[in-house]
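Quick look at data_17.txt (compact mmCIF, C-alpha atoms and all ligand atoms):
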```
# COMPACT_ATOMS: atom_id res chain seq x y z
CA MET A 1497 -4.59 3.46 -17.15
CA PRO A 1498 -2.90 1.25 -14.53
CA ASN A 1499 -4.88 -1.49 -12.83
CA PRO A 1500 -6.52 -0.50 -9.56
CA ALA A 1501 -5.36 -1.77 -6.20
CA ILE A 1502 -7.99 -4.23 -4.99
CA VAL A 1503 -7.77 -4.63 -1.25
CA ALA A 1504 -9.69 -7.34 0.62
CA VAL A 1505 -10.14 -6.41 4.27
CA ALA A 1506 -10.21 -9.82 5.91
CA ASN A 1507 -9.90 -11.69 9.17
CA GLN A 1508 -12.26 -14.53 9.98
CA LYS A 1509 -12.36 -13.42 13.59
CA GLY A 1510 -15.50 -11.40 14.26
CA GLY A 1511 -15.61 -7.84 15.57
CA VAL A 1512 -11.96 -6.94 14.93
CA GLY A 1513 -12.65 -3.74 12.98
CA LYS A 1514 -12.88 -4.99 9.37
CA THR A 1515 -15.97 -2.96 8.52
CA THR A 1516 -14.85 0.13 10.45
CA THR A 1517 -11.53 0.00 8.59
CA ALA A 1518 -13.11 -0.62 5.16
CA VAL A 1519 -15.64 2.20 5.62
CA ASN A 1520 -13.13 4.78 6.87
CA LEU A 1521 -10.29 3.82 4.58
CA ALA A 1522 -12.68 4.13 1.62
CA ALA A 1523 -13.55 7.66 2.77
CA GLY A 1524 -9.91 8.48 3.53
CA LEU A 1525 -8.78 7.48 0.03
CA ALA A 1526 -11.69 9.28 -1.65
CA ARG A 1527 -10.77 12.42 0.32
CA ARG A 1528 -7.31 12.15 -1.19
CA GLY A 1529 -8.82 12.34 -4.66
CA ARG A 1530 -8.90 8.63 -5.46
CA LYS A 1531 -11.83 6.98 -7.22
CA VAL A 1532 -12.97 4.31 -4.81
CA LEU A 1533 -15.41 1.40 -4.98
CA LEU A 1534 -16.36 -0.19 -1.67
CA ILE A 1535 -17.74 -3.71 -2.14
CA ASP A 1536 -19.70 -5.06 0.81
CA LEU A 1537 -19.41 -8.85 0.93
CA ASP A 1538 -20.86 -9.25 4.39
CA PRO A 1539 -24.54 -10.29 4.60
CA GLN A 1540 -24.78 -8.11 7.74
CA SER A 1541 -24.53 -5.12 5.32
CA ASN A 1542 -22.83 -2.84 7.83
CA SER A 1543 -20.62 -1.17 5.21
CA SER A 1544 -23.59 -0.63 2.89
CA ILE A 1545 -25.66 0.91 5.67
CA SER A 1546 -22.84 3.34 6.44
CA TYR A 1547 -23.26 4.98 3.03
CA LEU A 1548 -26.60 4.07 1.51
CA ASP A 1549 -30.28 4.34 2.26
CA MET A 1550 -31.07 0.65 1.98
CA ARG A 1551 -34.67 1.39 0.96
CA GLU A 1552 -33.20 2.58 -2.33
CA VAL A 1553 -31.09 -0.51 -2.88
CA HIS A 1554 -32.94 -2.74 -5.34
CA PHE A 1555 -30.17 -5.01 -6.55
CA SER A 1556 -27.20 -6.07 -4.47
CA VAL A 1557 -24.07 -8.18 -4.73
CA TYR A 1558 -26.06 -11.41 -4.33
CA ASP A 1559 -27.96 -10.64 -7.55
CA LEU A 1560 -24.73 -9.79 -9.32
CA LEU A 1561 -23.10 -13.08 -8.34
CA THR A 1562 -26.06 -15.35 -9.04
CA ASP A 1563 -27.76 -13.79 -12.07
CA ARG A 1564 -25.80 -12.92 -15.21
CA SER A 1565 -28.64 -10.79 -16.54
CA VAL A 1566 -28.14 -8.25 -13.71
CA PRO A 1567 -25.87 -5.53 -15.11
CA LEU A 1568 -23.00 -4.30 -12.94
CA ASP A 1569 -24.25 -0.71 -13.33
CA SER A 1570 -27.44 -1.57 -11.51
CA VAL A 1571 -25.64 -2.66 -8.33
CA ILE A 1572 -23.15 0.20 -8.02
CA TYR A 1573 -24.52 3.18 -6.13
CA PRO A 1574 -23.08 6.68 -5.77
CA THR A 1575 -22.71 8.04 -2.23
CA ALA A 1576 -22.82 11.52 -0.70
CA TYR A 1577 -19.02 11.49 -0.90
CA GLN A 1578 -17.22 12.59 -4.03
CA GLY A 1579 -15.38 9.74 -5.72
CA LEU A 1580 -16.87 6.99 -3.56
CA HIS A 1581 -19.23 4.32 -4.90
CA VAL A 1582 -20.66 1.36 -3.02
CA LEU A 1583 -21.64 -2.10 -4.21
CA PRO A 1584 -23.95 -3.14 -1.35
CA SER A 1585 -24.93 -6.46 0.14
CA ARG A 1586 -28.17 -7.63 1.64
CA ILE A 1587 -28.96 -10.43 4.03
CA ASN A 1588 -29.70 -12.72 1.07
CA LEU A 1589 -25.93 -12.93 0.48
CA ALA A 1590 -25.93 -15.43 3.36
CA LYS A 1591 -27.40 -18.04 1.01
CA LEU A 1592 -24.74 -17.59 -1.70
CA GLU A 1593 -22.94 -20.79 -0.80
CA SER A 1594 -26.07 -22.94 -1.09
CA THR A 1595 -27.22 -21.20 -4.28
CA LEU A 1596 -23.89 -21.78 -6.01
CA ILE A 1597 -23.42 -25.33 -4.85
CA GLY A 1598 -22.05 -27.45 -7.67
CA GLU A 1599 -21.12 -24.40 -9.80
CA LEU A 1600 -17.49 -24.85 -10.79
CA ASP A 1601 -16.94 -21.13 -11.26
CA ALA A 1602 -18.34 -20.21 -7.82
CA PRO A 1603 -15.04 -18.83 -6.41
CA PHE A 1604 -14.52 -16.70 -9.54
CA ARG A 1605 -17.93 -15.05 -9.77
CA LEU A 1606 -16.95 -11.69 -8.26
CA LYS A 1607 -13.74 -11.42 -10.27
CA ASP A 1608 -15.57 -12.28 -13.50
CA ARG A 1609 -18.32 -9.73 -12.90
CA ILE A 1610 -16.03 -6.86 -11.82
CA GLU A 1611 -13.37 -7.37 -14.50
CA THR A 1612 -14.80 -5.06 -17.18
CA HIS A 1613 -15.44 -2.20 -14.74
CA LYS A 1614 -12.42 -2.19 -12.51
CA GLN A 1615 -10.55 0.34 -14.63
CA ASN A 1616 -13.06 2.98 -13.52
CA TYR A 1617 -11.45 2.99 -10.07
CA ASP A 1618 -8.09 3.65 -8.44
CA PHE A 1619 -9.03 1.57 -5.41
CA ILE A 1620 -11.47 -1.23 -4.79
CA LEU A 1621 -11.95 -2.14 -1.13
CA VAL A 1622 -13.78 -5.32 -0.20
CA ASP A 1623 -15.30 -5.81 3.25
CA THR A 1624 -15.61 -9.51 4.09
CA PRO A 1625 -17.60 -11.52 6.64
CA PRO A 1626 -16.06 -13.22 9.68
CA ALA A 1627 -15.57 -16.57 7.93
CA LEU A 1628 -13.22 -18.18 5.42
CA GLY A 1629 -15.98 -19.61 3.20
CA LEU A 1630 -16.97 -19.01 -0.41
CA ILE A 1631 -17.72 -15.30 0.10
CA THR A 1632 -14.25 -14.46 1.44
CA ILE A 1633 -12.69 -16.72 -1.21
CA ASN A 1634 -14.42 -14.64 -3.89
CA ALA A 1635 -12.82 -11.53 -2.37
CA LEU A 1636 -9.35 -13.11 -2.24
CA VAL A 1637 -9.57 -14.35 -5.85
CA LEU A 1638 -10.40 -10.82 -7.00
CA ALA A 1639 -7.91 -8.98 -4.76
CA THR A 1640 -4.43 -7.75 -5.49
CA HIS A 1641 -3.85 -7.24 -1.76
CA ILE A 1642 -5.16 -8.31 1.61
CA LEU A 1643 -5.32 -5.99 4.60
CA VAL A 1644 -5.75 -7.71 7.96
CA PRO A 1645 -7.19 -5.82 10.91
CA ILE A 1646 -6.12 -7.41 14.18
CA GLN A 1647 -7.80 -6.47 17.41
CA SER A 1648 -5.39 -5.45 20.10
CA SER A 1649 -6.30 -8.11 22.66
CA TYR A 1650 -4.76 -11.00 24.49
CA PHE A 1651 -6.13 -13.34 21.79
CA ALA A 1652 -5.03 -11.05 18.95
CA LEU A 1653 -3.20 -13.67 16.91
CA GLU A 1654 -5.75 -16.41 17.33
CA GLY A 1655 -6.91 -17.58 13.91
CA THR A 1656 -4.30 -15.71 11.86
CA ASP A 1657 -2.61 -19.05 10.99
CA ASP A 1658 -5.78 -20.25 9.27
CA LEU A 1659 -6.09 -16.94 7.46
CA LEU A 1660 -2.49 -17.07 6.22
CA GLU A 1661 -2.96 -20.69 5.15
CA THR A 1662 -5.98 -19.66 3.07
CA VAL A 1663 -3.95 -16.83 1.52
CA GLN A 1664 -1.21 -19.35 0.61
CA LYS A 1665 -3.75 -21.67 -1.03
CA ILE A 1666 -5.23 -18.84 -3.09
CA LYS A 1667 -1.73 -17.75 -4.12
CA ALA A 1668 -0.82 -21.29 -5.15
CA ARG A 1669 -3.50 -21.48 -7.81
CA PRO A 1670 -6.16 -18.95 -8.67
CA ASN A 1671 -4.35 -15.75 -7.65
CA PRO A 1672 -0.53 -15.97 -7.50
CA GLY A 1673 -0.21 -12.18 -7.41
CA LEU A 1674 -2.04 -11.79 -4.09
CA GLN A 1675 0.08 -9.84 -1.61
CA ILE A 1676 -0.29 -8.94 2.04
CA LEU A 1677 -0.64 -5.17 2.05
CA GLY A 1678 -0.41 -4.98 5.79
CA VAL A 1679 -1.72 -5.67 9.23
CA VAL A 1680 -3.46 -2.90 11.13
CA VAL A 1681 -3.82 -3.08 14.88
CA THR A 1682 -7.29 -1.91 15.90
CA LEU A 1683 -9.24 -1.25 19.10
CA HIS A 1684 -5.92 -0.47 20.74
CA ASP A 1685 -5.56 0.76 24.30
CA ARG A 1686 -2.19 2.45 24.60
CA ARG A 1687 -2.63 3.19 28.27
CA THR A 1688 -2.30 -0.41 29.35
CA ILE A 1689 0.92 -2.39 29.53
CA LEU A 1690 -0.92 -5.22 27.79
CA GLY A 1691 -1.70 -2.89 24.88
CA LYS A 1692 2.01 -2.11 24.32
CA ASP A 1693 2.93 -5.78 24.63
CA ILE A 1694 0.37 -6.84 22.07
CA TYR A 1695 1.67 -4.43 19.43
CA GLN A 1696 5.17 -5.84 19.91
CA GLN A 1697 3.84 -9.40 19.73
CA ILE A 1698 2.09 -8.67 16.44
CA VAL A 1699 5.26 -7.05 15.05
CA LYS A 1700 7.22 -10.16 16.01
CA VAL A 1701 4.95 -12.26 13.81
CA PHE A 1702 4.30 -9.89 10.89
CA GLY A 1703 7.43 -7.69 10.93
CA ASN A 1704 7.29 -4.62 8.69
CA LYS A 1705 3.89 -5.67 7.37
CA VAL A 1706 2.41 -4.07 10.49
CA PHE A 1707 1.29 -0.52 9.78
CA LYS A 1708 2.85 2.14 11.98
CA THR A 1709 -0.59 3.65 12.37
CA VAL A 1710 -2.55 2.04 15.17
CA ILE A 1711 -6.30 2.57 15.49
CA SER A 1712 -7.14 3.35 19.10
CA LYS A 1713 -10.24 2.30 20.89
CA SER A 1714 -12.61 5.26 20.77
CA VAL A 1715 -16.17 6.10 21.63
CA ARG A 1716 -16.45 8.14 18.41
CA LEU A 1717 -15.68 5.09 16.26
CA GLU A 1718 -18.06 3.01 18.28
CA GLU A 1719 -20.84 5.56 17.70
CA SER A 1720 -20.23 6.47 14.06
CA PRO A 1721 -22.04 3.45 12.49
CA ALA A 1722 -25.25 4.47 14.25
CA TYR A 1723 -25.05 7.86 12.51
CA ARG A 1724 -24.17 6.25 9.17
CA GLU A 1725 -21.16 8.45 8.55
CA PRO A 1726 -17.44 7.95 8.13
CA ILE A 1727 -15.34 9.38 10.95
CA PHE A 1728 -14.14 12.28 8.76
CA THR A 1729 -17.57 13.90 8.72
CA PHE A 1730 -18.91 12.47 11.98
CA ALA A 1731 -16.00 13.66 14.14
CA PRO A 1732 -13.50 15.42 11.86
CA LYS A 1733 -11.34 16.71 14.71
CA SER A 1734 -11.16 13.42 16.57
CA LYS A 1735 -8.06 11.34 17.14
CA SER A 1736 -9.76 8.53 15.20
CA ALA A 1737 -10.15 10.74 12.11
CA ALA A 1738 -6.43 11.57 12.31
CA GLU A 1739 -5.58 7.88 12.67
CA TYR A 1740 -7.62 6.79 9.64
CA GLU A 1741 -6.15 9.71 7.69
CA LYS A 1742 -2.66 8.47 8.59
CA LEU A 1743 -3.57 4.89 7.67
CA SER A 1744 -4.86 6.08 4.28
CA ARG A 1745 -1.50 7.76 3.64
CA GLU A 1746 0.39 4.62 4.64
CA VAL A 1747 -1.79 2.51 2.34
CA LEU A 1748 -1.16 4.88 -0.57
CA LYS A 1749 2.57 4.61 0.02
CA ARG A 1750 2.48 0.81 -0.04
CA VAL A 1751 0.48 0.12 -3.20
N1 LIG B 1801 -11.35 1.65 17.21
C1 LIG B 1801 -12.57 1.36 17.70
N2 LIG B 1801 -12.95 1.86 18.89
C2 LIG B 1801 -14.17 1.56 19.41
N3 LIG B 1801 -15.07 0.78 18.82
C3 LIG B 1801 -14.75 0.25 17.61
C4 LIG B 1801 -13.49 0.51 16.98
N4 LIG B 1801 -13.45 -0.16 15.82
C5 LIG B 1801 -14.62 -0.81 15.71
N5 LIG B 1801 -15.40 -0.57 16.79
C6 LIG B 1801 -16.74 -1.12 17.07
O1 LIG B 1801 -16.56 -2.51 17.35
C7 LIG B 1801 -17.57 -3.27 16.72
C8 LIG B 1801 -16.93 -4.23 15.70
O2 LIG B 1801 -16.29 -3.47 14.70
P1 LIG B 1801 -16.48 -3.84 13.16
O3 LIG B 1801 -17.92 -4.01 12.83
O4 LIG B 1801 -15.70 -2.86 12.37
O5 LIG B 1801 -15.75 -5.26 13.14
P2 LIG B 1801 -15.84 -6.40 12.05
O6 LIG B 1801 -14.54 -7.11 12.07
O7 LIG B 1801 -16.30 -5.83 10.76
O8 LIG B 1801 -17.01 -7.31 12.64
P3 LIG B 1801 -17.69 -8.56 11.88
O9 LIG B 1801 -16.68 -9.65 11.95
O10 LIG B 1801 -18.92 -8.84 12.70
O11 LIG B 1801 -17.98 -8.14 10.50
C9 LIG B 1801 -18.51 -2.28 16.08
O12 LIG B 1801 -19.57 -2.02 16.97
C10 LIG B 1801 -17.66 -1.03 15.90
O13 LIG B 1801 -18.44 0.14 15.93
MG MG B 1802 -17.91 -6.39 9.52
```
Rewrite the coordinates I just gave you, this time as structure tokens.
Amino acid sequence: MPNPAIVAVANQKGGVGKTTTAVNLAAGLARRGRKVLLIDLDPQSNSSISYLDMREVHFSVYDLLTDRSVPLDSVIYPTAYQGLHVLPSRINLAKLESTLIGELDAPFRLKDRIETHKQNYDFILVDTPPALGLITINALVLATHILVPIQSSYFALEGTDDLLETVQKIKARPNPGLQILGVVVTLHDRRTILGKDIYQQIVKVFGNKVFKTVISKSVRLEESPAYREPIFTFAPKSKSAAEYEKLSREVLKRV
């Protein structure tokens, strides 16, 4: 069986649509018959909450990364969606960096723990927090690809230099195979002249890495986390569902 595509959804800027993209891409790929594992590496747990009843989550990714006696099986939970499993986080993940201080293998913990199980999946998606610290580094060491959501705004490209520099560093040593899968423009407002300009600006910097699919700003996407559902069941006929469906197809074509 071929190795799975492991896609880290990352951008250290906050609120750019990382979680929304990870949650809906996971559902979009599972709908297309792929076996998907969604790993939540954000202590805010927004991806986990989208799919799991957190009262039933006993062990989470923090336990996996800090305690070798915690088996991987005990932190992977099935969801209501066929083919989609979630490895959840809890707020305690915020103390990972201080717990692992002085541990030489700290950046490799996630990769080491997932290694034996990754063949069970076609896709592993990793949602990351808005920072370039140890947690995101663990995602980038594990990943085969990085997917960067960029918010369609005047400050869209702010911070992408730092992100690309981190990717270069990871490629130089621990993970030379890491590739940029693509850049997806999110929270886009096509009606404004600024909106059109921003897309062109992003294409100027990232060229054909920019996905053709653009995720528009929509009330449905804004509401869906509150109902703990991916857009495909929350608003199946919406423009947003069609956009994430299209993005899923583009992703499948690229890996
Ligand atoms: N296309 C969209 N249209 C409208 N609202 C959106 C859209 N995408 C995301 N949102 C909303 O914007 C907010 C930020 O999105 P999201 O949580 O996906 O970003 P993030 O990059 O994961 O944030 P963080 O950096 O805090 O983890 C959320 O309230 C989400 O519901
Ligand atoms: Mg998030």
Protein and nucleic residues near ligand MG 1802 (chain B), 7 Å, all atoms listed in the file, as a list in words: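 The neighbouring residues of ligand MG 1802 (chain B) are, in order, Gly1511, Gly1513, Lys1514, Thr1515, Asp1538, Asn1542, Asp1623, Thr1624 and Pro1625 of chain A.
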Here is a test: counting only C-alpha atoms and all ligand atoms, which residue of A:Arg1724, A:Arg1745, A:Lys1713, A:Arg1686 is nearest to ligand LIG 1801 (chain B)?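 Among A:Arg1724, A:Arg1745, A:Lys1713, A:Arg1686, it is A:Lys1713 that comes nearest to ligand LIG 1801 (chain B).
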Radius query 12 Å about (-7.2, 9.0, 10.3), atoms used: all atoms listed in the file, as a ChimeraX atom specification: /A:1516-1517,1519-1525,1527-1528,1709-1712,1717,1726-1729,1731-1747
List every protein, DNA or RNA residue with an atom no more than 9 Å from (-6.9, -9.2, 3.2) in the file's coordinates, counting all atoms listed in the file, and format the result as an NGL selection string. :A and (1503-1507 or 1622 or 1624 or 1635-1636 or 1639 or 1641-1645 or 1659 or 1663 or 1675-1679)
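Checking A:Ile1502, A:Ile1666, A:Val1751, A:Leu1589 one by one against Glu1611 in chain A, counting only C-alpha atoms, you find the shortest gap at A:Ile1502.
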Listed atoms of ligand LIG 1801 (chain B), axis-aligned box, 8 Å per side: centre and edge lengths to one decimal in Å, as AutoDock Vina command-line options?
```
--center_x -15.5 --center_y -3.9 --center_z 15.0 --size_x 24.2 --size_y 27.5 --size_z 24.9
```
Close residues, Ser1594 in chain A itself excluded, 12 Å, only C-alpha atoms, min 2 positions apart in chain, as a PyMOL selection string: chain A and resi 1558+1562+1588-1592+1596-1599+1602+1629-1631
